[in-house]
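Asks: Structure file entry.txt (compact mmCIF, C-alpha atoms) is given on the next line.
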# COMPACT_ATOMS: atom_id res chain seq x y z
CA MET J 1 109.76 116.32 122.10
CA LYS J 2 108.97 119.53 120.25
CA PRO J 3 105.25 120.48 120.27
CA ALA J 4 104.94 120.38 116.47
CA ARG J 5 106.35 116.85 116.34
CA LYS J 6 104.16 115.74 119.19
CA GLN J 7 101.13 117.07 117.36
CA ARG J 8 102.04 115.19 114.17
CA LEU J 9 102.65 112.00 116.17
CA ILE J 10 99.22 112.30 117.82
CA LEU J 11 97.61 112.96 114.42
CA ILE J 12 99.17 109.80 113.02
CA ALA J 13 98.02 107.78 116.04
CA ILE J 14 94.46 109.08 115.59
CA MET J 15 94.56 108.30 111.86
CA LEU J 16 95.72 104.72 112.51
CA ALA J 17 93.07 104.20 115.20
CA GLY J 18 90.39 105.52 112.83
CA ILE J 19 91.45 103.29 109.96
CA GLY J 20 91.67 100.29 112.30
CA LEU J 21 88.16 100.94 113.59
CA ALA J 22 86.76 101.39 110.07
CA ALA J 23 88.42 98.18 108.90
CA THR J 24 87.07 96.27 111.90
CA PHE J 25 83.50 97.40 111.18
CA ALA J 26 83.83 96.66 107.47
CA LEU J 27 85.18 93.17 108.11
CA LYS J 28 82.50 92.48 110.73
CA ALA J 29 79.83 93.54 108.23
CA PHE J 30 81.22 91.28 105.51
CA ASN J 31 82.08 88.45 107.90
CA GLU J 32 79.75 85.93 106.24
CA ASN J 33 80.92 86.79 102.74
CA LEU J 34 84.55 86.37 103.74
CA MET J 35 83.95 82.79 104.81
CA TYR J 36 85.28 80.60 102.06
CA PHE J 37 82.99 77.67 102.85
CA PHE J 38 80.06 76.53 105.02
CA SER J 39 80.55 73.82 107.62
CA THR J 40 78.49 70.65 107.68
CA SER J 41 76.71 71.91 110.84
CA ASP J 42 75.59 74.98 108.87
CA VAL J 43 74.03 72.69 106.27
CA VAL J 44 72.21 70.51 108.80
CA SER J 45 70.89 73.55 110.72
CA GLY J 46 69.69 75.11 107.45
CA LYS J 47 72.08 78.09 107.40
CA ALA J 48 73.51 77.13 104.02
CA PRO J 49 71.66 78.25 100.86
CA LYS J 50 69.00 75.80 99.67
CA GLU J 51 68.92 76.35 95.91
CA ALA J 52 72.18 78.16 95.19
CA LEU J 53 75.71 77.02 94.56
CA PHE J 54 77.92 77.13 97.66
CA ARG J 55 81.08 75.62 99.11
CA LEU J 56 81.06 73.00 101.82
CA GLY J 57 84.12 72.20 103.92
CA GLY J 58 84.84 69.36 106.31
CA MET J 59 86.74 66.22 107.08
CA VAL J 60 86.21 63.11 104.95
CA VAL J 61 84.81 60.55 107.40
CA LYS J 62 87.01 57.47 107.71
CA GLY J 63 85.53 54.42 105.96
CA SER J 64 82.79 56.42 104.22
CA VAL J 65 84.29 56.64 100.71
CA GLU J 66 82.43 54.50 98.17
CA ARG J 67 83.51 54.41 94.54
CA ALA J 68 81.24 53.29 91.68
CA GLU J 69 82.52 50.30 89.68
CA SER J 70 82.02 51.61 86.17
CA SER J 71 82.22 55.40 86.51
CA LEU J 72 84.15 58.14 88.32
CA LEU J 73 81.30 58.65 90.79
CA VAL J 74 82.49 58.89 94.40
CA LYS J 75 80.26 59.07 97.44
CA PHE J 76 81.55 60.04 100.86
CA LYS J 77 80.52 61.69 104.12
CA LEU J 78 81.88 65.02 105.32
CA SER J 79 81.97 65.93 108.99
CA ASP J 80 82.98 68.81 111.26
CA PHE J 81 82.94 66.36 114.22
CA ARG J 82 79.36 67.37 115.04
CA GLN J 83 77.21 66.79 111.97
CA GLU J 84 77.69 64.75 108.81
CA VAL J 85 76.63 65.47 105.22
CA THR J 86 76.75 63.01 102.33
CA VAL J 87 78.56 64.24 99.21
CA GLU J 88 78.48 62.89 95.67
CA TYR J 89 81.14 63.81 93.13
CA SER J 90 81.93 62.63 89.66
CA GLY J 91 85.43 63.48 88.50
CA ILE J 92 89.11 63.32 89.35
CA LEU J 93 90.00 63.99 92.97
CA PRO J 94 93.10 66.00 94.01
CA ASP J 95 96.26 64.24 95.27
CA LEU J 96 95.64 65.02 98.91
CA PHE J 97 92.08 63.63 98.90
CA ARG J 98 91.92 60.77 101.38
CA GLU J 99 89.90 59.62 104.34
CA GLY J 100 90.49 61.77 107.41
CA GLN J 101 91.65 64.70 105.26
CA GLY J 102 89.95 68.09 105.11
CA ILE J 103 88.40 69.09 101.78
CA VAL J 104 86.31 71.91 100.31
CA ALA J 105 83.63 70.98 97.74
CA LYS J 106 81.62 73.35 95.54
CA GLY J 107 78.11 72.32 94.54
CA ARG J 108 74.49 72.35 95.66
CA LEU J 109 72.09 70.35 97.79
CA ASP J 110 69.61 68.13 95.96
CA SER J 111 66.13 67.17 97.15
CA ARG J 112 67.47 64.18 99.11
CA GLY J 113 69.75 66.48 101.18
CA VAL J 114 72.80 65.08 99.40
CA PHE J 115 75.45 67.62 98.41
CA VAL J 116 76.21 67.17 94.71
CA ALA J 117 79.71 68.56 94.13
CA GLU J 118 81.00 70.04 90.88
CA GLU J 119 84.52 70.61 92.18
CA VAL J 120 86.52 69.14 95.06
CA LEU J 121 89.60 70.87 96.51
CA ALA J 122 91.86 69.36 99.16
CA LYS J 123 92.49 71.51 102.22
CA HIS J 124 95.95 70.87 103.52
CA ASP J 125 96.53 71.08 107.27
CA GLU J 126 99.40 72.90 108.97
CA ASN J 127 101.31 69.75 110.00
CA TYR J 128 104.58 68.81 108.37
CA MET J 129 106.50 65.68 109.38
CA PRO J 130 108.57 62.87 107.89
CA PRO J 131 106.73 59.57 107.15
CA GLU J 132 108.62 57.73 109.92
CA VAL J 133 107.35 60.19 112.53
CA LYS J 134 103.80 59.77 111.22
CA ALA J 135 104.18 55.99 111.45
CA SER J 136 105.43 56.18 115.03
CA LEU J 137 102.52 58.46 115.94
CA LYS J 138 100.08 55.89 114.58
CA LYS J 139 101.51 52.85 116.36
CA PRO J 140 100.16 53.43 119.90
CA ALA J 141 96.69 54.07 118.49
CA GLU J 142 96.76 50.84 116.50
CA ALA J 143 97.96 48.89 119.52
CA VAL J 144 94.88 50.02 121.42
CA GLN J 145 92.59 48.84 118.64
CA MET K 1 113.99 113.13 123.41
CA SER K 2 115.02 112.67 126.98
CA TRP K 3 113.78 109.12 127.47
CA ILE K 4 116.30 107.58 125.07
CA PRO K 5 119.90 107.19 126.38
CA THR K 6 122.31 109.65 124.79
CA PRO K 7 124.69 107.13 123.12
CA ILE K 8 121.77 105.50 121.28
CA SER K 9 120.22 108.75 120.10
CA ARG K 10 123.68 109.98 119.06
CA PHE K 11 124.14 106.78 117.00
CA PHE K 12 120.82 107.36 115.25
CA HIS K 13 121.53 111.00 114.58
CA ARG K 14 124.90 110.20 113.06
CA THR K 15 123.63 107.23 111.03
CA SER K 16 120.78 109.28 109.66
CA SER K 17 123.11 111.82 108.10
CA PRO K 18 123.31 110.88 104.41
CA PRO K 19 127.13 110.88 103.91
CA HIS K 20 127.67 108.86 107.08
CA PHE K 21 124.98 106.36 106.10
CA TYR K 22 126.46 106.06 102.62
CA ALA K 23 129.90 105.17 104.00
CA LEU K 24 128.40 102.77 106.55
CA ALA K 25 126.39 100.94 103.87
CA ASP K 26 129.53 100.58 101.77
CA ARG K 27 131.38 99.05 104.69
CA TRP K 28 128.56 96.61 105.58
CA LEU K 29 127.70 95.34 102.11
CA PRO K 30 130.55 92.80 101.64
CA TRP K 31 129.94 91.29 105.08
CA LEU K 32 126.21 91.08 104.50
CA THR K 33 126.77 89.43 101.13
CA ALA K 34 129.04 86.79 102.69
CA LEU K 35 126.51 86.15 105.47
CA PHE K 36 123.68 85.88 102.92
CA LEU K 37 125.52 83.32 100.77
CA LEU K 38 126.39 81.28 103.86
CA LEU K 39 122.79 81.25 105.14
CA LEU K 40 121.34 80.58 101.70
CA GLY K 41 123.73 77.68 101.08
CA ALA K 42 123.02 76.11 104.47
CA GLY K 43 119.26 76.68 104.14
CA LEU K 44 119.00 75.25 100.62
CA TYR K 45 121.21 72.24 101.43
CA GLY K 46 119.19 71.56 104.57
CA GLY K 47 115.84 72.12 102.93
CA LEU K 48 116.31 70.40 99.58
CA TYR K 49 118.74 67.63 100.56
CA LEU K 50 118.86 66.90 104.30
CA ALA K 51 115.23 67.43 105.28
CA PRO K 52 113.02 64.34 104.86
CA ALA K 53 109.99 64.19 102.56
CA ASP K 54 106.60 64.99 104.08
CA TYR K 55 104.29 62.12 105.09
CA GLN K 56 101.47 63.38 102.86
CA GLN K 57 102.86 65.78 100.29
CA GLY K 58 106.11 63.96 99.53
CA ASP K 59 108.69 66.29 98.05
CA SER K 60 106.20 68.93 96.90
CA TYR K 61 106.17 70.50 100.36
CA ARG K 62 109.73 71.75 99.81
CA ILE K 63 108.31 74.87 98.18
CA ILE K 64 107.76 76.18 101.73
CA TYR K 65 111.49 76.93 101.87
CA VAL K 66 110.84 79.73 99.40
CA HIS K 67 107.14 80.42 99.85
CA VAL K 68 107.01 80.92 103.63
CA PRO K 69 110.14 83.13 104.00
CA ALA K 70 108.99 85.25 101.04
CA ALA K 71 105.52 85.66 102.57
CA TRP K 72 107.01 86.59 105.95
CA MET K 73 109.26 89.15 104.26
CA SER K 74 106.31 90.64 102.38
CA LEU K 75 104.63 91.42 105.73
CA PHE K 76 107.85 92.41 107.53
CA ILE K 77 108.94 94.90 104.88
CA TYR K 78 105.52 96.54 104.80
CA VAL K 79 105.50 97.06 108.57
CA LEU K 80 109.02 98.49 108.30
CA MET K 81 107.83 100.85 105.56
CA ALA K 82 104.95 102.05 107.75
CA VAL K 83 107.37 102.71 110.63
CA MET K 84 109.65 104.61 108.25
CA GLY K 85 106.60 106.54 107.04
CA ALA K 86 105.71 107.55 110.61
CA ILE K 87 109.32 108.64 111.29
CA ALA K 88 109.40 110.59 108.03
CA LEU K 89 106.14 112.38 108.83
CA VAL K 90 106.89 113.18 112.48
CA TRP K 91 110.63 113.85 112.48
CA ARG K 92 111.00 114.84 108.80
CA MET K 93 113.99 112.54 108.52
CA LYS K 94 115.26 112.31 104.96
CA LEU K 95 116.83 108.88 105.42
CA ALA K 96 113.50 107.42 106.56
CA GLU K 97 111.87 108.59 103.31
CA VAL K 98 114.72 107.08 101.32
CA MET K 99 114.50 103.74 103.15
CA LEU K 100 110.71 103.66 102.67
CA ILE K 101 110.80 104.18 98.94
CA SER K 102 113.80 101.88 98.46
CA SER K 103 112.01 99.06 100.31
CA ALA K 104 108.85 99.13 98.17
CA PRO K 105 110.11 97.28 95.03
CA ILE K 106 111.83 94.64 97.19
CA GLY K 107 108.64 94.07 99.17
CA ALA K 108 106.63 93.87 95.96
CA GLY K 109 109.09 91.26 94.68
CA PHE K 110 108.73 89.09 97.79
CA THR K 111 104.93 89.38 97.65
CA PHE K 112 104.96 88.31 94.01
CA ILE K 113 107.22 85.33 94.81
CA ALA K 114 104.92 84.29 97.67
CA LEU K 115 101.86 84.45 95.39
CA VAL K 116 103.47 82.58 92.49
CA THR K 117 105.05 79.79 94.56
CA GLY K 118 101.78 79.36 96.44
CA SER K 119 99.91 79.06 93.18
CA LEU K 120 102.37 76.51 91.79
CA TRP K 121 101.94 74.41 94.94
CA GLY K 122 98.18 74.89 95.02
CA LYS K 123 97.57 73.24 91.66
CA PRO K 124 98.80 69.73 92.59
CA MET K 125 97.89 69.91 96.30
CA TRP K 126 94.54 71.72 96.45
CA GLY K 127 93.58 71.05 92.86
CA THR K 128 93.43 74.74 91.83
CA TRP K 129 95.84 77.56 90.95
CA TRP K 130 93.89 80.26 92.74
CA VAL K 131 90.89 80.70 95.04
CA TRP K 132 89.42 83.93 96.37
CA ASP K 133 89.73 83.03 100.03
CA ALA K 134 90.64 85.58 102.70
CA ARG K 135 94.36 84.76 102.88
CA LEU K 136 95.06 84.78 99.15
CA THR K 137 92.95 87.85 98.51
CA SER K 138 94.50 89.92 101.31
CA GLU K 139 98.00 88.98 100.12
CA LEU K 140 97.06 90.10 96.60
CA ILE K 141 95.87 93.42 98.07
CA LEU K 142 99.30 93.74 99.70
CA LEU K 143 100.91 93.43 96.26
CA PHE K 144 98.65 96.24 95.00
CA LEU K 145 99.60 98.38 98.03
CA TYR K 146 103.28 97.96 97.20
CA LEU K 147 102.63 98.81 93.55
CA GLY K 148 100.55 101.79 94.72
CA VAL K 149 103.44 103.11 96.83
CA ILE K 150 105.85 102.75 93.91
CA SER K 151 103.58 104.43 91.37
CA LEU K 152 102.43 107.21 93.71
CA TYR K 153 106.05 108.13 94.39
CA GLY K 154 106.81 108.08 90.69
CA ALA K 155 103.75 110.12 89.75
CA ILE K 156 104.50 113.17 91.93
CA GLU K 157 107.19 115.41 90.49
CA ASP K 158 108.19 117.16 93.73
CA LYS K 159 109.98 114.42 95.67
CA LYS K 160 109.36 116.07 99.05
CA ALA K 161 105.60 116.03 98.47
CA ALA K 162 105.85 112.53 96.99
CA ALA K 163 107.58 111.21 100.11
CA LYS K 164 104.84 112.67 102.30
CA ALA K 165 102.07 111.12 100.21
CA VAL K 166 103.82 107.76 100.15
CA SER K 167 104.34 107.83 103.94
CA ILE K 168 100.61 108.29 104.46
CA LEU K 169 99.76 105.50 102.01
CA ALA K 170 102.20 103.15 103.77
CA LEU K 171 100.61 103.96 107.13
CA VAL K 172 97.06 103.49 105.86
CA GLY K 173 97.90 100.15 104.25
CA VAL K 174 99.41 98.73 107.41
CA VAL K 175 95.87 97.83 108.54
CA ASN K 176 96.05 94.99 105.99
CA ILE K 177 98.96 93.30 107.77
CA PRO K 178 97.08 91.87 110.78
CA ILE K 179 94.27 90.94 108.38
CA ILE K 180 96.67 88.83 106.30
CA HIS K 181 98.20 87.21 109.36
CA TYR K 182 94.94 86.34 111.12
CA SER K 183 92.84 85.69 107.98
CA VAL K 184 93.32 81.93 108.37
CA GLU K 185 92.03 82.07 111.95
CA TRP K 186 89.18 84.57 111.63
CA TRP K 187 87.56 83.00 108.58
CA ASN K 188 87.22 79.64 106.88
CA THR K 189 89.92 79.62 104.23
CA LEU K 190 91.35 77.04 101.87
CA HIS K 191 94.81 78.14 102.97
CA GLN K 192 96.03 76.21 106.01
CA GLY K 193 96.54 77.78 109.41
CA PRO K 194 99.90 78.99 110.80
CA THR K 195 102.55 76.31 111.28
CA VAL K 196 105.44 78.18 112.88
CA THR K 197 104.15 81.59 114.00
CA LYS K 198 101.73 80.49 116.68
CA ILE K 199 101.82 80.31 120.43
CA ASP K 200 102.01 76.49 120.77
CA LYS K 201 104.85 74.39 119.56
CA PRO K 202 105.34 74.66 115.75
CA SER K 203 103.49 71.86 113.89
CA ILE K 204 106.52 71.05 111.81
CA HIS K 205 109.18 68.45 112.54
CA VAL K 206 112.45 69.99 113.75
CA SER K 207 114.43 68.52 110.83
CA MET K 208 112.22 70.55 108.48
CA LEU K 209 111.98 73.62 110.72
CA VAL K 210 115.71 74.39 111.00
CA PRO K 211 116.28 74.87 107.23
CA LEU K 212 113.09 76.96 107.09
CA LEU K 213 114.40 79.33 109.76
CA LEU K 214 117.80 79.48 108.03
CA MET K 215 116.08 80.44 104.78
CA ALA K 216 114.03 83.07 106.63
CA LEU K 217 117.25 84.59 107.98
CA ALA K 218 118.87 84.45 104.53
CA PHE K 219 115.88 86.34 103.06
CA LYS K 220 116.18 88.98 105.81
CA VAL K 221 119.86 89.53 105.03
CA TYR K 222 119.08 89.63 101.30
CA TYR K 223 116.56 92.38 102.00
CA LEU K 224 119.24 94.35 103.88
CA ILE K 225 121.65 94.02 100.95
CA ALA K 226 119.04 95.04 98.40
CA VAL K 227 117.66 97.94 100.43
CA LEU K 228 121.10 99.35 101.23
CA GLN K 229 122.05 99.34 97.56
CA ALA K 230 118.76 100.92 96.51
CA ALA K 231 119.01 103.50 99.30
CA LYS K 232 122.59 104.42 98.28
CA LEU K 233 121.39 105.12 94.75
CA GLU K 234 118.35 107.09 95.91
CA LEU K 235 120.53 109.20 98.22
CA LEU K 236 122.90 110.05 95.37
CA ARG K 237 119.96 111.02 93.20
CA ARG K 238 118.37 113.24 95.85
CA GLU K 239 121.56 114.84 97.12
CA ALA K 240 123.13 115.24 93.70
CA SER K 241 123.83 118.94 94.27
CA SER K 242 125.30 118.59 97.78
CA GLN K 243 128.97 118.83 98.63
CA TRP K 244 129.51 115.26 99.89
CA VAL K 245 128.22 113.76 96.62
CA LYS K 246 130.53 116.05 94.65
CA ASN K 247 133.48 114.99 96.82
CA LEU K 248 132.53 111.36 96.36
CA LEU K 249 132.43 111.73 92.57
CA GLU K 250 135.80 113.54 92.62
CA THR K 251 137.48 110.66 94.52
CA ALA K 252 135.80 108.09 92.30
CA ARG K 253 137.29 109.75 89.27
Could I get this file's structure written as structure tokens?
Replies:
Amino acid sequence: MKPARKQRLILIAIMLAGIGLAATFALKAFNENLMYFFSTSDVVSGKAPKEALFRLGGMVVKGSVERAESSLLVKFKLSDFRQEVTVEYSGILPDLFREGQGIVAKGRLDSRGVFVAEEVLAKHDENYMPPEVKASLKKPAEAVQ
Amino acid sequence: MSWIPTPISRFFHRTSSPPHFYALADRWLPWLTALFLLLLGAGLYGGLYLAPADYQQGDSYRIIYVHVPAAWMSLFIYVLMAVMGAIALVWRMKLAEVMLISSAPIGAGFTFIALVTGSLWGKPMWGTWWVWDARLTSELILLFLYLGVISLYGAIEDKKAAAKAVSILALVGVVNIPIIHYSVEWWNTLHQGPTVTKIDKPSIHVSMLVPLLLMALAFKVYYLIAVLQAAKLELLRREASSQWVKNLLETAR
């Protein structure tokens, strides 16, 4: 390779390494801000903001959804498989909201430690399968119960 | 370059000469178009008709047959542009500059499609058109990078200087590509994690995966068709005063 080309190639490599390093530091510095939501463990351990609005993500605990008879109020528990947080929401839930499904709620904690949500978004998982396959996956588990 | 076998380097040298490339593109285009239509037909038939509905999303999931290939292409084309930028800067190869600038509008188009289809799916599934999570935001930045490349090239009068500036911008922006890909793993995002491009087995049933891969191939071939046509035009524009273009116009007349 001609020396001039080699020099340009090395310059480009140095430039890319520099930009990569700068980006890594910037992203590390903003790591917390880039998180879209807090986990339920963060809330229990006090890492989530006390007074401010924030987002809480987790799995809707099976059998925890309670609906009010005369209003749209829904109460359910969210979990990250370690800690649980009770959530209250009054409004229309997205299509994918169901027990065992991941969701992200925006709201704040009240004095009882209950998360009062203003907005609930469903978080879809990365699994795609036909209903028959899902049914066949469920069967062995049900047989055990 | 002694570490590349002679036949391969000879092929690259010949292909990179503008008149030879022009003729080659002309010869490939009909075949590529036939291949594209075949793949697109098979992919759409498989994805919209043969593939079963999803256990949770029903038929709404079928947007992945456009959304995912478009998003993959948006990343793929940008990486290709950065490689072309490096080649253009180091070896001063004219064809690399032409391929870089011809790819930018196509990449911007795929990025836009990925963002719009994702938004259309997000409303019924997540309950919102848009959120500022890491995946969506970094993909939006990619769209701005593409638009930046296009406008920077257009803004500089001297096309030689413009190509150099654009090559550097393409190289700088490539840092965003791993961020987009890993955003769903590094941070909590509303966007789901990777389904196909991960080390374990894909988390998608094979009857749904095959049409998805066919569509991804179809999009790749479409990119080739579009970029070859754009590159042909750009070559004519840049080489307008050279002998081979004059000969070409003579025979066309």
Asks: Got a sec: who's within 7 Å of Ala70 in chain K, counting all atoms listed in the file, leaving out chain neighbours fewer than 2 positions off, as a PyMOL selection string?
Replies: chain K and resi 66-68+72-74+110-111+113-114
Asks: Between CA of Pro105 in chain K and CA of Leu89 in chain K, what distance in Å does the model show, to one decimal?
Replies: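 Computing it gives 20.8 Å between the two atoms.
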Asks: Please determine the contact residues of chain J with respect to chain K at a cut-off of 8 Å, counting all atoms listed in the file, and supply them as a VMD selection string.
Replies: chain J and resid 1 5 to 6 8 to 9 12 16 19 to 20 23 31 34 to 37 93 to 96 104 120 to 132 134
Asks: Please report the interatomic distance between CA of Gly113 in chain J and CA of Thr86 in chain J in Å with one decimal.
Replies: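 Rounded to one decimal, the two atoms are 7.9 Å apart.
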Asks: Between J:Thr40, J:Glu118, J:Gly58, J:Ala48, single out the one closest to Val74 in chain J, counting all atoms listed in the file.
Replies: J:Glu118
Asks: Tell me, as a PyMOL selection string, which residues lie within 12 Å of Ser71 in chain J, counting all atoms listed in the file; anything in the same chain fewer than 3 positions away does not count.
Replies: chain J and resi 66-68+74-75+89-92
Asks: Which neighbours of Leu228 in chain K fall inside 8 Å, counting all atoms listed in the file, when residues of the same chain fewer than 4 positions from it are skipped, and could you give them as a compact mmCIF listing (two decimals) with C-alpha atoms, keeping the file's coordinate frame?
Replies:
# COMPACT_ATOMS: atom_id res chain seq x y z
CA ALA K 25 126.39 100.94 103.87
CA LEU K 29 127.70 95.34 102.11
CA LEU K 224 119.24 94.35 103.88
CA LYS K 232 122.59 104.42 98.28
Asks: In Å to one decimal, how far is CA of Val79 in chain K from CA of Pro178 in chain K?
Replies: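 Interatomic distance, CA of Pro178 in chain K to CA of Val79 in chain K: 10.1 Å.
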Asks: From the options J:Asp80, J:Gln101, J:Leu21, J:Gln7, which residue's atoms come nearest to Asp42 in chain J, counting all atoms listed in the file?
Replies: J:Asp80
Asks: In file coordinates, which residues lie within 9 Å of (83.6, 69.5, 100.2) using only C-alpha atoms, given as a list in words?
Replies: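 Within the cut-off we find Phe37, Arg55, Leu56, Gly57, Gly58, Met59, Val60, Leu78, Val87, Gly102, Ile103, Val104, Ala105, Lys106, Gly107, Phe115, Ala117, Glu119, Val120, Leu121 and Ala122 of chain J.
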